[in-house]
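For reference, final05.cif is printed below; it contains mmCIF, C-alpha atoms and all ligand atoms.
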```
data_data
loop_
_atom_site.group_PDB
_atom_site.id
_atom_site.type_symbol
_atom_site.label_atom_id
_atom_site.label_comp_id
_atom_site.auth_asym_id
_atom_site.auth_seq_id
_atom_site.Cartn_x
_atom_site.Cartn_y
_atom_site.Cartn_z
ATOM 1 C CA GLU A 747 -60.393 63.542 -78.588
ATOM 2 C CA ARG A 748 -56.770 63.220 -77.590
ATOM 3 C CA GLY A 749 -57.293 59.484 -77.109
ATOM 4 C CA TYR A 750 -58.569 59.243 -80.661
ATOM 5 C CA LEU A 751 -55.550 61.094 -81.986
ATOM 6 C CA MET A 752 -53.154 58.994 -79.921
ATOM 7 C CA SER A 753 -54.418 55.779 -81.430
ATOM 8 C CA LYS A 754 -53.615 56.871 -84.968
ATOM 9 C CA VAL A 755 -50.423 55.588 -86.486
ATOM 10 C CA ALA A 756 -48.212 58.248 -88.097
ATOM 11 C CA ILE A 757 -46.951 57.538 -91.615
ATOM 12 C CA ILE A 758 -43.566 58.694 -92.932
ATOM 13 C CA THR A 759 -42.141 58.245 -96.416
ATOM 14 C CA ASP A 760 -38.789 59.299 -97.771
ATOM 15 C CA SER A 761 -38.933 61.730 -100.690
ATOM 16 C CA THR A 762 -38.348 59.119 -103.390
ATOM 17 C CA SER A 763 -41.968 58.018 -103.459
ATOM 18 C CA TYR A 764 -42.510 61.440 -105.092
ATOM 19 C CA ILE A 765 -45.995 61.874 -103.664
ATOM 20 C CA SER A 766 -47.040 65.473 -104.240
ATOM 21 C CA LYS A 767 -47.107 67.890 -101.322
ATOM 22 C CA GLU A 768 -50.838 68.322 -101.799
ATOM 23 C CA THR A 769 -51.498 64.576 -101.517
ATOM 24 C CA ARG A 770 -49.163 64.294 -98.532
ATOM 25 C CA GLU A 771 -50.953 67.068 -96.697
ATOM 26 C CA LYS A 772 -54.378 65.694 -97.502
ATOM 27 C CA ASN A 773 -53.427 62.230 -96.237
ATOM 28 C CA ASN A 774 -51.293 63.167 -93.218
ATOM 29 C CA ILE A 775 -48.094 61.780 -94.699
ATOM 30 C CA THR A 776 -44.800 63.144 -93.385
ATOM 31 C CA MET A 777 -41.895 63.254 -95.836
ATOM 32 C CA VAL A 778 -38.166 63.022 -95.069
ATOM 33 C CA PRO A 779 -36.063 64.133 -98.058
ATOM 34 C CA LEU A 780 -32.937 62.614 -99.563
ATOM 35 C CA ASN A 781 -30.365 64.969 -101.102
ATOM 36 C CA VAL A 782 -29.088 65.649 -104.556
ATOM 37 C CA VAL A 783 -25.552 67.027 -104.540
ATOM 38 C CA PHE A 784 -24.208 69.356 -107.241
ATOM 39 C CA GLY A 785 -20.510 69.914 -106.601
ATOM 40 C CA GLU A 786 -20.244 70.920 -102.934
ATOM 41 C CA GLU A 787 -23.869 71.939 -102.635
ATOM 42 C CA ALA A 788 -26.467 69.522 -101.236
ATOM 43 C CA TYR A 789 -30.162 70.170 -101.840
ATOM 44 C CA LYS A 790 -33.033 68.439 -100.096
ATOM 45 C CA GLU A 791 -35.112 67.204 -103.007
ATOM 46 C CA GLU A 792 -38.694 68.432 -103.369
ATOM 47 C CA VAL A 793 -37.906 70.972 -100.607
ATOM 48 C CA GLU A 794 -34.887 72.916 -101.864
ATOM 49 C CA ILE A 795 -34.917 71.750 -105.480
ATOM 50 C CA THR A 796 -37.911 70.807 -107.610
ATOM 51 C CA THR A 797 -37.894 68.075 -110.213
ATOM 52 C CA GLU A 798 -38.273 70.681 -112.937
ATOM 53 C CA GLN A 799 -35.274 72.686 -111.699
ATOM 54 C CA PHE A 800 -33.261 69.491 -111.430
ATOM 55 C CA TYR A 801 -33.695 68.372 -115.059
ATOM 56 C CA LYS A 802 -32.954 71.929 -116.263
ATOM 57 C CA GLU A 803 -29.781 71.988 -114.171
ATOM 58 C CA MET A 804 -28.768 68.568 -115.560
ATOM 59 C CA GLU A 805 -28.638 70.041 -119.051
ATOM 60 C CA ASN A 806 -26.200 72.744 -117.969
ATOM 61 C CA VAL A 807 -23.726 71.045 -115.645
ATOM 62 C CA ASP A 808 -20.555 69.387 -116.844
ATOM 63 C CA LYS A 809 -20.116 67.431 -113.632
ATOM 64 C CA LEU A 810 -23.062 65.139 -112.927
ATOM 65 C CA PRO A 811 -24.718 65.283 -109.503
ATOM 66 C CA LYS A 812 -24.523 62.684 -106.759
ATOM 67 C CA THR A 813 -27.068 61.724 -104.123
ATOM 68 C CA SER A 814 -27.086 61.105 -100.396
ATOM 69 C CA GLN A 815 -29.490 59.654 -97.847
ATOM 70 C CA PRO A 816 -31.143 61.861 -95.219
ATOM 71 C CA ALA A 817 -29.042 62.766 -92.171
ATOM 72 C CA ILE A 818 -29.884 60.553 -89.205
ATOM 73 C CA GLY A 819 -30.812 63.641 -87.173
ATOM 74 C CA LEU A 820 -33.570 64.413 -89.616
ATOM 75 C CA PHE A 821 -35.260 61.074 -88.919
ATOM 76 C CA GLU A 822 -34.686 61.511 -85.187
ATOM 77 C CA GLU A 823 -36.288 64.992 -85.165
ATOM 78 C CA THR A 824 -39.195 63.805 -87.260
ATOM 79 C CA TYR A 825 -39.857 60.854 -84.934
ATOM 80 C CA GLN A 826 -39.658 63.137 -81.902
ATOM 81 C CA GLN A 827 -42.104 65.576 -83.434
ATOM 82 C CA LEU A 828 -44.622 62.838 -84.277
ATOM 83 C CA ALA A 829 -44.171 61.190 -80.857
ATOM 84 C CA LYS A 830 -46.025 64.149 -79.347
ATOM 85 C CA ASP A 831 -49.350 62.829 -80.584
ATOM 86 C CA HIS A 832 -48.726 59.287 -81.841
ATOM 87 C CA GLU A 833 -47.806 56.036 -80.165
ATOM 88 C CA GLU A 834 -46.584 54.345 -83.308
ATOM 89 C CA ILE A 835 -44.942 55.361 -86.564
ATOM 90 C CA ILE A 836 -44.554 53.444 -89.814
ATOM 91 C CA VAL A 837 -41.713 54.600 -92.073
ATOM 92 C CA VAL A 838 -41.776 53.414 -95.683
ATOM 93 C CA THR A 839 -38.379 53.693 -97.366
ATOM 94 C CA LEU A 840 -36.926 53.006 -100.777
ATOM 95 C CA SER A 841 -35.203 49.652 -101.194
ATOM 96 C CA SER A 842 -32.445 48.947 -98.673
ATOM 97 C CA GLY A 843 -30.498 47.396 -101.543
ATOM 98 C CA ILE A 844 -29.967 50.738 -103.302
ATOM 99 C CA SER A 845 -29.747 53.248 -100.433
ATOM 100 C CA GLY A 846 -28.709 53.455 -96.786
ATOM 101 C CA THR A 847 -31.938 55.322 -96.006
ATOM 102 C CA TYR A 848 -33.649 52.222 -94.591
ATOM 103 C CA GLN A 849 -30.764 51.455 -92.216
ATOM 104 C CA THR A 850 -30.556 55.085 -91.089
ATOM 105 C CA ALA A 851 -34.294 55.134 -90.363
ATOM 106 C CA VAL A 852 -33.882 51.966 -88.290
ATOM 107 C CA THR A 853 -30.874 53.296 -86.365
ATOM 108 C CA ALA A 854 -32.647 56.586 -85.644
ATOM 109 C CA SER A 855 -35.569 54.676 -84.145
ATOM 110 C CA SER A 856 -33.391 53.498 -81.268
ATOM 111 C CA MET A 857 -32.627 57.139 -80.437
ATOM 112 C CA VAL A 858 -36.175 58.180 -79.507
ATOM 113 C CA GLU A 859 -38.355 57.206 -76.602
ATOM 114 C CA GLY A 860 -42.084 57.100 -76.112
ATOM 115 C CA VAL A 861 -42.953 56.018 -79.643
ATOM 116 C CA LYS A 862 -42.665 52.695 -81.423
ATOM 117 C CA VAL A 863 -41.146 53.024 -84.883
ATOM 118 C CA HIS A 864 -41.594 50.343 -87.555
ATOM 119 C CA VAL A 865 -39.460 50.734 -90.669
ATOM 120 C CA PHE A 866 -40.837 49.041 -93.783
ATOM 121 C CA ASP A 867 -38.415 48.296 -96.631
ATOM 122 C CA SER A 868 -40.447 48.800 -99.810
ATOM 123 C CA GLU A 869 -37.729 46.968 -101.797
ATOM 124 C CA ILE A 870 -38.548 49.393 -104.618
ATOM 125 C CA SER A 871 -38.896 53.165 -105.006
ATOM 126 C CA CYS A 872 -40.894 55.968 -106.639
ATOM 127 C CA MET A 873 -44.689 55.803 -106.954
ATOM 128 C CA VAL A 874 -44.551 52.027 -106.553
ATOM 129 C CA GLN A 875 -43.213 52.679 -103.055
ATOM 130 C CA GLY A 876 -45.916 55.347 -103.028
ATOM 131 C CA PHE A 877 -48.615 52.654 -103.362
ATOM 132 C CA TYR A 878 -47.517 51.299 -99.972
ATOM 133 C CA VAL A 879 -47.419 54.788 -98.481
ATOM 134 C CA LEU A 880 -50.909 55.715 -99.700
ATOM 135 C CA LYS A 881 -52.364 52.411 -98.486
ATOM 136 C CA ALA A 882 -50.703 52.827 -95.079
ATOM 137 C CA ALA A 883 -52.086 56.369 -94.773
ATOM 138 C CA GLU A 884 -55.573 55.204 -95.749
ATOM 139 C CA LEU A 885 -55.527 52.453 -93.100
ATOM 140 C CA ALA A 886 -54.070 54.758 -90.439
ATOM 141 C CA GLU A 887 -56.920 57.153 -91.139
ATOM 142 C CA GLN A 888 -59.318 54.264 -90.418
ATOM 143 C CA ASN A 889 -57.548 53.831 -87.074
ATOM 144 C CA LYS A 890 -56.012 50.481 -87.936
ATOM 145 C CA SER A 891 -53.135 49.373 -85.741
ATOM 146 C CA ALA A 892 -49.530 49.406 -86.942
ATOM 147 C CA GLU A 893 -49.608 45.619 -86.919
ATOM 148 C CA GLU A 894 -52.667 45.499 -89.186
ATOM 149 C CA ILE A 895 -51.174 48.074 -91.540
ATOM 150 C CA LEU A 896 -47.873 46.205 -91.814
ATOM 151 C CA GLU A 897 -49.720 42.981 -92.488
ATOM 152 C CA LYS A 898 -51.501 44.626 -95.418
ATOM 153 C CA LEU A 899 -48.243 46.093 -96.768
ATOM 154 C CA ASN A 900 -46.596 42.688 -96.649
ATOM 155 C CA GLU A 901 -49.550 41.209 -98.487
ATOM 156 C CA MET A 902 -49.226 43.875 -101.211
ATOM 157 C CA LYS A 903 -45.599 42.882 -101.706
ATOM 158 C CA LYS A 904 -46.788 39.638 -103.280
ATOM 159 C CA THR A 905 -48.584 41.273 -106.205
ATOM 160 C CA ILE A 906 -46.606 44.455 -106.717
ATOM 161 C CA ARG A 907 -44.711 44.636 -110.014
ATOM 162 C CA ALA A 908 -42.387 47.238 -111.484
ATOM 163 C CA TYR A 909 -40.310 47.387 -114.643
ATOM 164 C CA PHE A 910 -38.390 50.276 -116.088
ATOM 165 C CA MET A 911 -36.026 51.214 -118.865
ATOM 166 C CA VAL A 912 -33.373 53.869 -119.183
ATOM 167 C CA ASP A 913 -32.117 55.804 -122.149
ATOM 168 C CA ASP A 914 -28.467 55.485 -121.112
ATOM 169 C CA LEU A 915 -27.291 52.673 -118.808
ATOM 170 C CA ASN A 916 -24.148 54.598 -117.873
ATOM 171 C CA HIS A 917 -25.932 56.557 -115.146
ATOM 172 C CA LEU A 918 -26.921 53.426 -113.236
ATOM 173 C CA HIS A 919 -23.557 51.851 -113.862
ATOM 174 C CA ARG A 920 -21.600 54.895 -112.676
ATOM 175 C CA GLY A 921 -23.693 55.181 -109.510
ATOM 176 C CA GLY A 922 -23.006 51.522 -108.726
ATOM 177 C CA ARG A 923 -26.690 50.629 -108.730
ATOM 178 C CA LEU A 924 -26.707 48.124 -111.563
ATOM 179 C CA ASN A 925 -26.291 44.509 -110.550
ATOM 180 C CA GLY A 926 -25.871 41.539 -112.810
ATOM 181 C CA ALA A 927 -24.122 43.801 -115.323
ATOM 182 C CA GLN A 928 -21.919 40.906 -116.408
ATOM 183 C CA LEU A 929 -25.005 39.607 -118.181
ATOM 184 C CA ILE A 930 -24.967 42.540 -120.500
ATOM 185 C CA VAL A 931 -21.278 43.357 -120.628
ATOM 186 C CA GLY A 932 -19.926 44.245 -124.030
ATOM 187 C CA SER A 933 -23.248 45.468 -125.228
ATOM 188 C CA LEU A 934 -23.831 47.758 -122.280
ATOM 189 C CA LEU A 935 -24.410 50.787 -124.436
ATOM 190 C CA LYS A 936 -26.281 49.300 -127.327
ATOM 191 C CA ILE A 937 -29.243 47.669 -125.690
ATOM 192 C CA LYS A 938 -32.280 48.947 -123.822
ATOM 193 C CA PRO A 939 -32.765 46.233 -121.273
ATOM 194 C CA VAL A 940 -35.931 46.058 -119.252
ATOM 195 C CA LEU A 941 -34.819 46.420 -115.633
ATOM 196 C CA HIS A 942 -36.472 45.397 -112.400
ATOM 197 C CA PHE A 943 -35.780 44.717 -108.735
ATOM 198 C CA GLU A 944 -34.829 41.293 -107.493
ATOM 199 C CA ASN A 945 -33.902 40.781 -103.824
ATOM 200 C CA LYS A 946 -33.863 44.560 -103.309
ATOM 201 C CA VAL A 947 -31.367 45.360 -106.063
ATOM 202 C CA ILE A 948 -31.655 46.344 -109.722
ATOM 203 C CA VAL A 949 -30.980 43.658 -112.291
ATOM 204 C CA PRO A 950 -31.643 43.373 -116.017
ATOM 205 C CA PHE A 951 -34.903 41.524 -116.617
ATOM 206 C CA GLU A 952 -34.618 40.998 -120.338
ATOM 207 C CA LYS A 953 -32.323 42.218 -123.079
ATOM 208 C CA VAL A 954 -34.232 44.187 -125.641
ATOM 209 C CA ARG A 955 -32.862 46.311 -128.431
ATOM 210 C CA THR A 956 -35.442 49.021 -128.773
ATOM 211 C CA GLU A 957 -37.579 51.013 -126.407
ATOM 212 C CA LYS A 958 -40.650 50.045 -128.364
ATOM 213 C CA LYS A 959 -40.016 46.352 -127.769
ATOM 214 C CA ALA A 960 -39.160 46.956 -124.124
ATOM 215 C CA LEU A 961 -42.398 48.827 -123.583
ATOM 216 C CA SER A 962 -44.554 46.264 -125.332
ATOM 217 C CA MET A 963 -42.979 43.541 -123.203
ATOM 218 C CA ILE A 964 -43.795 45.456 -120.009
ATOM 219 C CA LEU A 965 -47.361 46.193 -121.118
ATOM 220 C CA GLY A 966 -47.754 42.506 -122.028
ATOM 221 C CA MET A 967 -46.927 41.522 -118.454
ATOM 222 C CA LEU A 968 -49.364 44.094 -117.156
ATOM 223 C CA ASP A 969 -52.004 42.633 -119.463
ATOM 224 C CA ASP A 970 -51.435 39.180 -117.942
ATOM 225 C CA ASP A 971 -52.412 40.614 -114.565
ATOM 226 C CA ALA A 972 -55.188 42.935 -115.762
ATOM 227 C CA LYS A 973 -57.061 40.957 -118.412
ATOM 228 C CA ASP A 974 -59.176 38.934 -115.961
ATOM 229 C CA GLY A 975 -60.774 42.158 -114.727
ATOM 230 C CA THR A 976 -59.067 42.368 -111.312
ATOM 231 C CA PRO A 977 -58.973 46.006 -110.158
ATOM 232 C CA ILE A 978 -55.404 47.203 -110.540
ATOM 233 C CA ASP A 979 -53.579 50.421 -109.648
ATOM 234 C CA VAL A 980 -50.965 51.341 -112.219
ATOM 235 C CA THR A 981 -48.360 54.060 -112.214
ATOM 236 C CA VAL A 982 -46.484 55.294 -115.261
ATOM 237 C CA ILE A 983 -43.302 57.043 -114.127
ATOM 238 C CA HIS A 984 -41.143 59.278 -116.277
ATOM 239 C CA ALA A 985 -37.895 61.224 -116.123
ATOM 240 C CA ASN A 986 -38.713 64.477 -117.906
ATOM 241 C CA ARG A 987 -40.913 62.721 -120.488
ATOM 242 C CA LEU A 988 -44.426 63.642 -119.533
ATOM 243 C CA ASP A 989 -45.721 63.231 -123.107
ATOM 244 C CA LYS A 990 -44.629 59.617 -123.310
ATOM 245 C CA ALA A 991 -46.013 58.833 -119.848
ATOM 246 C CA GLU A 992 -49.366 60.390 -120.711
ATOM 247 C CA GLU A 993 -49.501 58.509 -123.995
ATOM 248 C CA ILE A 994 -49.022 55.196 -122.149
ATOM 249 C CA ALA A 995 -51.479 56.184 -119.424
ATOM 250 C CA ASN A 996 -54.163 57.115 -121.967
ATOM 251 C CA GLU A 997 -53.655 53.873 -123.832
ATOM 252 C CA LEU A 998 -54.163 51.899 -120.602
ATOM 253 C CA THR A 999 -57.199 53.885 -119.521
ATOM 254 C CA GLU A 1000 -58.847 53.299 -122.890
ATOM 255 C CA LYS A 1001 -58.033 49.600 -122.903
ATOM 256 C CA TYR A 1002 -59.077 48.620 -119.375
ATOM 257 C CA ASP A 1003 -62.058 49.480 -117.168
ATOM 258 C CA ASN A 1004 -60.436 47.858 -114.156
ATOM 259 C CA VAL A 1005 -57.205 49.850 -114.281
ATOM 260 C CA ASN A 1006 -56.640 53.121 -112.458
ATOM 261 C CA VAL A 1007 -53.549 54.992 -113.692
ATOM 262 C CA ILE A 1008 -51.426 57.566 -111.882
ATOM 263 C CA VAL A 1009 -48.801 59.428 -113.909
ATOM 264 C CA SER A 1010 -45.756 60.101 -111.720
ATOM 265 C CA HIS A 1011 -42.132 61.138 -112.081
ATOM 266 C CA PHE A 1012 -38.580 60.162 -111.283
ATOM 267 C CA GLY A 1013 -37.504 63.112 -109.137
ATOM 268 C CA PRO A 1014 -33.981 64.478 -108.588
ATOM 269 C CA VAL A 1015 -32.464 61.647 -106.527
ATOM 270 C CA ILE A 1016 -33.736 58.773 -108.644
ATOM 271 C CA GLY A 1017 -33.288 60.847 -111.821
ATOM 272 C CA THR A 1018 -29.590 61.202 -110.963
ATOM 273 C CA HIS A 1019 -29.216 57.431 -111.168
ATOM 274 C CA LEU A 1020 -31.503 56.745 -114.129
ATOM 275 C CA GLY A 1021 -30.929 59.782 -116.342
ATOM 276 C CA ALA A 1022 -33.465 61.776 -118.315
ATOM 277 C CA GLY A 1023 -35.715 59.873 -120.682
ATOM 278 C CA SER A 1024 -36.308 56.892 -118.404
ATOM 279 C CA VAL A 1025 -39.775 55.391 -118.191
ATOM 280 C CA GLY A 1026 -41.185 52.898 -115.703
ATOM 281 C CA VAL A 1027 -44.466 51.101 -115.172
ATOM 282 C CA GLY A 1028 -45.545 49.668 -111.840
ATOM 283 C CA TRP A 1029 -48.754 48.037 -110.662
ATOM 284 C CA VAL A 1030 -50.467 46.364 -107.759
ATOM 285 C CA ARG A 1031 -53.807 44.640 -107.192
ATOM 286 C CA ARG A 1032 -56.187 46.974 -105.432
HETATM 287 C C1 LIG B 1101 -28.902 57.483 -101.965
HETATM 288 O O1 LIG B 1101 -27.967 58.253 -102.253
HETATM 289 O O2 LIG B 1101 -28.965 56.916 -100.868
HETATM 290 C C2 LIG B 1101 -30.023 57.263 -102.971
HETATM 291 C C3 LIG B 1101 -29.667 56.247 -104.007
HETATM 292 C C4 LIG B 1101 -30.785 56.011 -105.004
HETATM 293 C C5 LIG B 1101 -30.468 54.994 -106.070
HETATM 294 C C6 LIG B 1101 -31.540 54.919 -107.122
HETATM 295 C C7 LIG B 1101 -31.357 53.836 -108.139
HETATM 296 C C8 LIG B 1101 -32.465 53.784 -109.164
HETATM 297 C C9 LIG B 1101 -33.812 53.330 -108.638
HETATM 298 C C10 LIG B 1101 -34.844 53.092 -109.702
HETATM 299 C C11 LIG B 1101 -36.221 52.893 -109.119
HETATM 300 C C12 LIG B 1101 -37.272 52.539 -110.118
HETATM 301 C C13 LIG B 1101 -38.625 52.260 -109.480
HETATM 302 C C14 LIG B 1101 -39.689 51.911 -110.458
#
```
Using structure tokens, write down the structure from this file.
Amino acid sequence: ERGYLMSKVAIITDSTSYISKETREKNNITMVPLNVVFGEEAYKEEVEITTEQFYKEMENVDKLPKTSQPAIGLFEETYQQLAKDHEEIIVVTLSSGISGTYQTAVTASSMVEGVKVHVFDSEISCMVQGFYVLKAAELAEQNKSAEEILEKLNEMKKTIRAYFMVDDLNHLHRGGRLNGAQLIVGSLLKIKPVLHFENKVIVPFEKVRTEKKALSMILGMLDDDAKDGTPIDVTVIHANRLDKAEEIANELTEKYDNVNVIVSHFGPVIGTHLGAGSVGVGWVRR
């Protein structure tokens, strides 16, 4: 029995995939949290502060929060813990272009012995990163090797898509996470550009003036991938806008038989950089 356990690969995600505790427990996924920092006080997200508490707090503070990556010791401890009954670990992190989390996870891996750690840069975040995490957990459960799992994750990278829009670009700008801003300079506040990731960083995809147009552009691109009937997993992600996310999700579920939709959220750390009201849509071929 021990031999069977030993052959299973352990799966770690950072908190920004925002996979619920229930789903993590059911699928043997270990989570390492990033922090949201209000003034001098750092809170491990989803552990010491919930998403609900975070958006409430945002309405009351006059100084906006900051974020920080997990302490290296937290990765080290987690690896050590999992090394007791696993030979290999796969860590799926948010994009290395927007956070030092990936690099910290890599550095920590050289500090533990007796377990081989593979760190996978999702080059994205939130439930789109979560798609990789859930797939990795599913394959680990089937006793696939780390090599086989990583091969599948790399294959997914080819068809994964994610676009999002924010209510106020200042949050991303202030946090230094908006690249290619020269493209939209001068009109920074007036437009609602569709944003996406390119080479691990966030860049404007298309300048659009209204949210309605932005959304219909995103759903048009999803339609290009979904209309031939290919089974597709979609996530609609929101920052304190559940109604809007559910409206989009319902629309998609009614329109397509081949689309499976998960409604998810931008939690505290990502919400700090996007601001309330943001909406994103991500998808991958099943
Ligand atoms: C840190 O302090 O290390 C965390 C920095 C997080 C930056 C987040 C930037 C926004 C990411 C948007 C992801 C949208 C995915 C659909």
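Distances here use only C-alpha atoms; by that measure, the residue among A:Ser841, A:Val1027, A:Asn781, A:Ile835 closest to A:Glu794 is A:Asn781.
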### Message
Just to confirm, what's the straight-line distance from atom CA of A:Lys862 to atom C7 of ligand LIG 1101 (chain B) in Å (one decimal)?
### Response
29.0 Å
Can I get the residues of chain A within 8 Å of ligand LIG 1101 (chain B), each with the closest pair of atoms and their distance in Å to one decimal, using all atoms listed in the file, sorted chain first then ascending number, as JSON lines?
```
{"residue": "A:Leu780", "atom": "CA", "partner": "B:LIG1101", "partner_atom": "C1", "distance": 7.0}
{"residue": "A:Asn781", "atom": "CA", "partner": "B:LIG1101", "partner_atom": "O1", "distance": 7.2}
{"residue": "A:Val782", "atom": "CA", "partner": "B:LIG1101", "partner_atom": "O1", "distance": 7.8}
{"residue": "A:Lys812", "atom": "CA", "partner": "B:LIG1101", "partner_atom": "O1", "distance": 7.2}
{"residue": "A:Thr813", "atom": "CA", "partner": "B:LIG1101", "partner_atom": "O1", "distance": 4.0}
{"residue": "A:Ser814", "atom": "CA", "partner": "B:LIG1101", "partner_atom": "O1", "distance": 3.5}
{"residue": "A:Gln815", "atom": "CA", "partner": "B:LIG1101", "partner_atom": "O2", "distance": 4.1}
{"residue": "A:Pro816", "atom": "CA", "partner": "B:LIG1101", "partner_atom": "O2", "distance": 7.8}
{"residue": "A:Ile844", "atom": "CA", "partner": "B:LIG1101", "partner_atom": "C5", "distance": 5.1}
{"residue": "A:Ser845", "atom": "CA", "partner": "B:LIG1101", "partner_atom": "O2", "distance": 3.8}
{"residue": "A:Gly846", "atom": "CA", "partner": "B:LIG1101", "partner_atom": "O2", "distance": 5.4}
{"residue": "A:Thr847", "atom": "CA", "partner": "B:LIG1101", "partner_atom": "O2", "distance": 5.9}
{"residue": "A:Ile870", "atom": "CA", "partner": "B:LIG1101", "partner_atom": "C13", "distance": 5.6}
{"residue": "A:Ser871", "atom": "CA", "partner": "B:LIG1101", "partner_atom": "C13", "distance": 4.6}
{"residue": "A:Cys872", "atom": "CA", "partner": "B:LIG1101", "partner_atom": "C13", "distance": 5.2}
{"residue": "A:Met873", "atom": "CA", "partner": "B:LIG1101", "partner_atom": "C14", "distance": 7.2}
{"residue": "A:Val874", "atom": "CA", "partner": "B:LIG1101", "partner_atom": "C14", "distance": 6.2}
{"residue": "A:Gln875", "atom": "CA", "partner": "B:LIG1101", "partner_atom": "C13", "distance": 7.9}
{"residue": "A:Ala908", "atom": "CA", "partner": "B:LIG1101", "partner_atom": "C14", "distance": 5.5}
{"residue": "A:Tyr909", "atom": "CA", "partner": "B:LIG1101", "partner_atom": "C14", "distance": 6.2}
{"residue": "A:Phe910", "atom": "CA", "partner": "B:LIG1101", "partner_atom": "C14", "distance": 6.0}
{"residue": "A:Leu918", "atom": "CA", "partner": "B:LIG1101", "partner_atom": "C7", "distance": 6.8}
{"residue": "A:Gly921", "atom": "CA", "partner": "B:LIG1101", "partner_atom": "C5", "distance": 7.6}
{"residue": "A:Arg923", "atom": "CA", "partner": "B:LIG1101", "partner_atom": "C7", "distance": 5.7}
{"residue": "A:His942", "atom": "CA", "partner": "B:LIG1101", "partner_atom": "C14", "distance": 7.5}
{"residue": "A:Ile948", "atom": "CA", "partner": "B:LIG1101", "partner_atom": "C9", "distance": 7.4}
{"residue": "A:Ile983", "atom": "CA", "partner": "B:LIG1101", "partner_atom": "C14", "distance": 7.3}
{"residue": "A:Phe1012", "atom": "CA", "partner": "B:LIG1101", "partner_atom": "C12", "distance": 7.8}
{"residue": "A:Val1015", "atom": "CA", "partner": "B:LIG1101", "partner_atom": "C4", "distance": 6.1}
{"residue": "A:Ile1016", "atom": "CA", "partner": "B:LIG1101", "partner_atom": "C6", "distance": 4.7}
{"residue": "A:Gly1017", "atom": "CA", "partner": "B:LIG1101", "partner_atom": "C8", "distance": 7.6}
{"residue": "A:Thr1018", "atom": "CA", "partner": "B:LIG1101", "partner_atom": "C6", "distance": 7.6}
{"residue": "A:His1019", "atom": "CA", "partner": "B:LIG1101", "partner_atom": "C7", "distance": 5.2}
{"residue": "A:Leu1020", "atom": "CA", "partner": "B:LIG1101", "partner_atom": "C8", "distance": 5.9}
{"residue": "A:Gly1026", "atom": "CA", "partner": "B:LIG1101", "partner_atom": "C14", "distance": 5.5}
{"residue": "A:Val1027", "atom": "CA", "partner": "B:LIG1101", "partner_atom": "C14", "distance": 6.8}
{"residue": "A:Gly1028", "atom": "CA", "partner": "B:LIG1101", "partner_atom": "C14", "distance": 6.4}
```
Atoms kept (C-alpha atoms) for selection, written as a PDB file, in the coordinates of the input:
```
ATOM      1  CA  LEU A 780     -32.937  62.614 -99.563  1.00  0.00           C
ATOM      2  CA  ASN A 781     -30.365  64.969-101.102  1.00  0.00           C
ATOM      3  CA  VAL A 782     -29.088  65.649-104.556  1.00  0.00           C
ATOM      4  CA  LYS A 812     -24.523  62.684-106.759  1.00  0.00           C
ATOM      5  CA  THR A 813     -27.068  61.724-104.123  1.00  0.00           C
ATOM      6  CA  SER A 814     -27.086  61.105-100.396  1.00  0.00           C
ATOM      7  CA  GLN A 815     -29.490  59.654 -97.847  1.00  0.00           C
ATOM      8  CA  PRO A 816     -31.143  61.861 -95.219  1.00  0.00           C
ATOM      9  CA  ILE A 844     -29.967  50.738-103.302  1.00  0.00           C
ATOM     10  CA  SER A 845     -29.747  53.248-100.433  1.00  0.00           C
ATOM     11  CA  GLY A 846     -28.709  53.455 -96.786  1.00  0.00           C
ATOM     12  CA  THR A 847     -31.938  55.322 -96.006  1.00  0.00           C
ATOM     13  CA  ILE A 870     -38.548  49.393-104.618  1.00  0.00           C
ATOM     14  CA  SER A 871     -38.896  53.165-105.006  1.00  0.00           C
ATOM     15  CA  CYS A 872     -40.894  55.968-106.639  1.00  0.00           C
ATOM     16  CA  MET A 873     -44.689  55.803-106.954  1.00  0.00           C
ATOM     17  CA  VAL A 874     -44.551  52.027-106.553  1.00  0.00           C
ATOM     18  CA  GLN A 875     -43.213  52.679-103.055  1.00  0.00           C
ATOM     19  CA  ALA A 908     -42.387  47.238-111.484  1.00  0.00           C
ATOM     20  CA  TYR A 909     -40.310  47.387-114.643  1.00  0.00           C
ATOM     21  CA  PHE A 910     -38.390  50.276-116.088  1.00  0.00           C
ATOM     22  CA  LEU A 918     -26.921  53.426-113.236  1.00  0.00           C
ATOM     23  CA  GLY A 921     -23.693  55.181-109.510  1.00  0.00           C
ATOM     24  CA  ARG A 923     -26.690  50.629-108.730  1.00  0.00           C
ATOM     25  CA  HIS A 942     -36.472  45.397-112.400  1.00  0.00           C
ATOM     26  CA  ILE A 948     -31.655  46.344-109.722  1.00  0.00           C
ATOM     27  CA  ILE A 983     -43.302  57.043-114.127  1.00  0.00           C
ATOM     28  CA  PHE A1012     -38.580  60.162-111.283  1.00  0.00           C
ATOM     29  CA  VAL A1015     -32.464  61.647-106.527  1.00  0.00           C
ATOM     30  CA  ILE A1016     -33.736  58.773-108.644  1.00  0.00           C
ATOM     31  CA  GLY A1017     -33.288  60.847-111.821  1.00  0.00           C
ATOM     32  CA  THR A1018     -29.590  61.202-110.963  1.00  0.00           C
ATOM     33  CA  HIS A1019     -29.216  57.431-111.168  1.00  0.00           C
ATOM     34  CA  LEU A1020     -31.503  56.745-114.129  1.00  0.00           C
ATOM     35  CA  GLY A1026     -41.185  52.898-115.703  1.00  0.00           C
ATOM     36  CA  VAL A1027     -44.466  51.101-115.172  1.00  0.00           C
ATOM     37  CA  GLY A1028     -45.545  49.668-111.840  1.00  0.00           C
TER      38      GLY A1028
END
```
### Query
Mind pulling up the distance from atom CA of A:Glu791 to atom CA of A:Ala829?
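We find that atom CA of A:Ala829 and atom CA of A:Glu791 lie 24.7 Å from each other.
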